[in-house]
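Before any comments, here is the structure.
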Amino acid sequence: MNVRLVKPDEMTEAATLADSIFRDGEQVSMAAGFPYLFSAVTSSSFGAYGEDGRMTAFMGLLPSAVRIGASELNVFSVGAVCTAPEARGHGVAGKLLDAVKDQVAESDGDLILVSGTRSLYTRAGCREFGTIRRYTLTPEMAPALREAAAEAAQAGVSEGGTASQAGVGAFRDTDAAGPLRCREWTRSDLSALAKLAASREVAFEQSQWDLAMLIDAQAYARCVKLGHRVYVAERGGVPAAFLVAALPGGLRPKMTPFAIEWAGDPSAVAALLAHALETAAPEKLDVLASRHDAGLAALLQKHASHADERILGTVYVPDAARLFQRLKPYLAALQPEKAALLEAGIGAAERGIRLSYPGLDDLELDADAWIALLFDGPFLLPGEEAGADANAAPVLPEGTPAQWREALTDLFPVPFPSTSGLNYI
């Protein structure tokens, strides 16, 4: 069995194998749903080949960049993992994953995101991570949601209209007090949508070309037999927000319709959700809010039922100390004094980390504890608990000195964009 990078002229064979595993007669090819993953130019995917040279297994690997405040992370996504029936049971997928890890290490990668949670990944050090809040909306909620959005918008004007994106009344246009118009997008909106997407503090990097391609590809939506609808909210002709929703089309859906991705003024996003509920009339519409979506979450919290759950998939951290250095600009902007004093080095445990802080004994964290510190903890909206803050609950091993908990409070957990958005792999 030969495991190696897939050559450009073998991508069609890879897509054919993936289609045989993941697609039925109603769905488009994986190559259409995941154009970058099956591209001869952008993909770094691996295949396993038999003695006859035929591909018997595939593990898709795609590089991207994730922006977290002032930090930018080199991220690699793993997906479309499949093995031909006759090649199963021989450890081929494990060999592919080992090759992927080596490739990411050579490429200076900070994180590996895996769309799966099965034992193949958890045995190899991939871990579930993060907390998101799922809000479930119904068409009956649309009037109250629109009213709440209007009140939040007016409150933002009263406060000067300059709240941060995390705040309920965030604005980016000078006519924030004007009437809000919600409509479906046109291709002429692409430039404005890309600017809104780029204004997010936490997101996958997306150029205009990326945004257009990913909206058209409908990667996750097509996997569950839904389709994209894109909505724009504008004031005075200036887009204030956009929403990409996965909604029913001509096929029988495999899951509840949901909001794929959004950007812009949270009150305008809430108005777009109300618009989608009224115009598309799904029985339900789920919204998965991350920690950095506090403004939108605060609006939804008053009207919709919710449940907290893990981010989709698992994560692997190849080099803990390198990831810490990549996150330094974000931490420095968040808490300058603490971040300046906090240092990190290679830990005693494999892929672990050693944290140093003046006046404290060094803190050793293994790979699992480092992932938990980075991403885990309760989903708290500001004011939900006395003195609580969405970033003030670091998860540390039992027995960690209180002084270390204080030192890391307000630095961790780190926000992370949805893995089930437009960049889903």
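Quick note on naming: the chains in the structure tokens go A, B, ... in the order shown, residues restart at 1 in each chain, and ligands are numbered from 1 in order of appearance.
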Residues within 9 Å of A:Leu17, only C-alpha atoms, excluding chain neighbours under 2 positions, as a list in words: Thr12, Glu13, Ala14, Ala15, Asp19, Ser20, Ile21, Phe22, Met55, Thr56, Ala57, Phe58, Cys82, Thr83 and Ala84 of chain A
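Every protein or nucleic acid residue with an atom no more than 12 Å from A:Arg252, counting only C-alpha atoms and leaving out same-chain residues fewer than 6 positions away, appears here: Glu26, Gln27, Arg222, Cys223, Val224, Lys225, Leu226 and Gly227 of chain A.
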Please produce a file of the residues just selected, as a PDB file, in the first residue's frame, where the atoms kept are C-alpha atoms.
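Saved to result21.pdb:
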ATOM      1  CA  GLU A  26     -29.926  13.155  -5.766  1.00  0.00           C
ATOM      2  CA  GLN A  27     -26.715  14.948  -4.780  1.00  0.00           C
ATOM      3  CA  ARG A 222     -25.609  19.868   0.074  1.00  0.00           C
ATOM      4  CA  CYS A 223     -24.383  17.146   2.442  1.00  0.00           C
ATOM      5  CA  VAL A 224     -27.700  17.360   4.313  1.00  0.00           C
ATOM      6  CA  LYS A 225     -29.876  18.033   1.229  1.00  0.00           C
ATOM      7  CA  LEU A 226     -30.505  21.696   1.901  1.00  0.00           C
ATOM      8  CA  GLY A 227     -29.635  24.703  -0.265  1.00  0.00           C
TER       9      GLY A 227
END
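Distances to A:Ile311 were evaluated for A:Glu350, A:Glu140, A:Asp410, A:Glu128 using only C-alpha atoms, and the minimum falls at A:Glu128.
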Atom CA of A:Glu205 to atom CA of A:Arg310, distance in Å rounded to a single decimal: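 We find that atom CA of A:Glu205 and atom CA of A:Arg310 lie 22.3 Å from each other.
Of the listed residues A:Phe258, A:Phe416, A:Tyr357, A:Phe324, the one whose atoms come nearest to A:Glu337 is A:Tyr357, with distances taken using only C-alpha atoms.
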Near-A:Gly109 list (7 Å; only C-alpha atoms; drop same-chain fewer than 5 positions) as JSON, numbers by chain: {"A": [74, 75, 76, 104]}
Point-to-point distance in Å for atom CA of A:Phe379 and atom CA of A:Ala294: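 Going from atom CA of A:Ala294 over to atom CA of A:Phe379 covers 9.6 Å.
Picture a line from atom CA of A:Ser44 to atom CA of A:Asp108; it runs 13.6 Å.
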Residue list (helix (DSSP H, G or I), DSSP) for stretch 57-166 of chain A, as a ChimeraX atom specification: /A:85-87,92-106,119-122,139-158
10 Å contact set for A:Ala32, only C-alpha atoms, chain neighbours under 3 positions out, as a PyMOL selection string: chain A and resi 15+27-29+35-38+216-219+222
Close residues, stretch 265-275 of chain A itself excluded, 9 Å, only C-alpha atoms, min 5 positions apart in chain, as a count of residues only: 45
Who sits within 9 Å of A:Ser418, only C-alpha atoms, same chain under 4 positions skipped, as an MDAnalysis selection string: chainID A and resid 132 203:204 260:261 288:290 311:312 422:424
Store the residues picked out above in a file with N, CA and C atoms, as a compact mmCIF listing (two decimals), in the first residue's frame.
# COMPACT_ATOMS: atom_id res chain seq x y z
N ILE A 132 -20.59 26.00 21.84
CA ILE A 132 -21.44 26.89 21.07
C ILE A 132 -22.86 26.76 21.59
N ALA A 203 -12.88 34.85 12.36
CA ALA A 203 -13.45 34.29 11.13
C ALA A 203 -12.37 33.59 10.32
N PHE A 204 -12.81 32.71 9.41
CA PHE A 204 -11.93 32.22 8.36
C PHE A 204 -11.69 33.36 7.39
N ILE A 260 -25.99 29.29 8.11
CA ILE A 260 -24.63 28.85 7.79
C ILE A 260 -23.61 29.87 8.27
N GLU A 261 -23.82 31.13 7.90
CA GLU A 261 -22.83 32.16 8.22
C GLU A 261 -23.48 33.54 8.10
N LEU A 288 -26.33 28.64 15.28
CA LEU A 288 -25.24 28.23 16.16
C LEU A 288 -24.36 29.43 16.45
N ALA A 289 -24.45 29.94 17.68
CA ALA A 289 -23.72 31.14 18.07
C ALA A 289 -22.46 30.75 18.83
N SER A 290 -21.33 31.35 18.46
CA SER A 290 -20.07 31.16 19.16
C SER A 290 -19.89 32.26 20.20
N ILE A 311 -18.46 22.39 19.39
CA ILE A 311 -18.21 22.76 18.00
C ILE A 311 -18.16 21.48 17.17
N LEU A 312 -18.62 21.54 15.93
CA LEU A 312 -18.64 20.37 15.07
C LEU A 312 -17.23 19.84 14.82
N LEU A 422 -19.35 28.36 5.96
CA LEU A 422 -19.01 28.25 4.55
C LEU A 422 -17.73 27.47 4.31
N ASN A 423 -16.81 27.50 5.27
CA ASN A 423 -15.52 26.82 5.11
C ASN A 423 -15.56 25.37 5.60
N TYR A 424 -16.72 24.83 5.79
CA TYR A 424 -16.85 23.44 6.23
C TYR A 424 -16.15 22.49 5.26
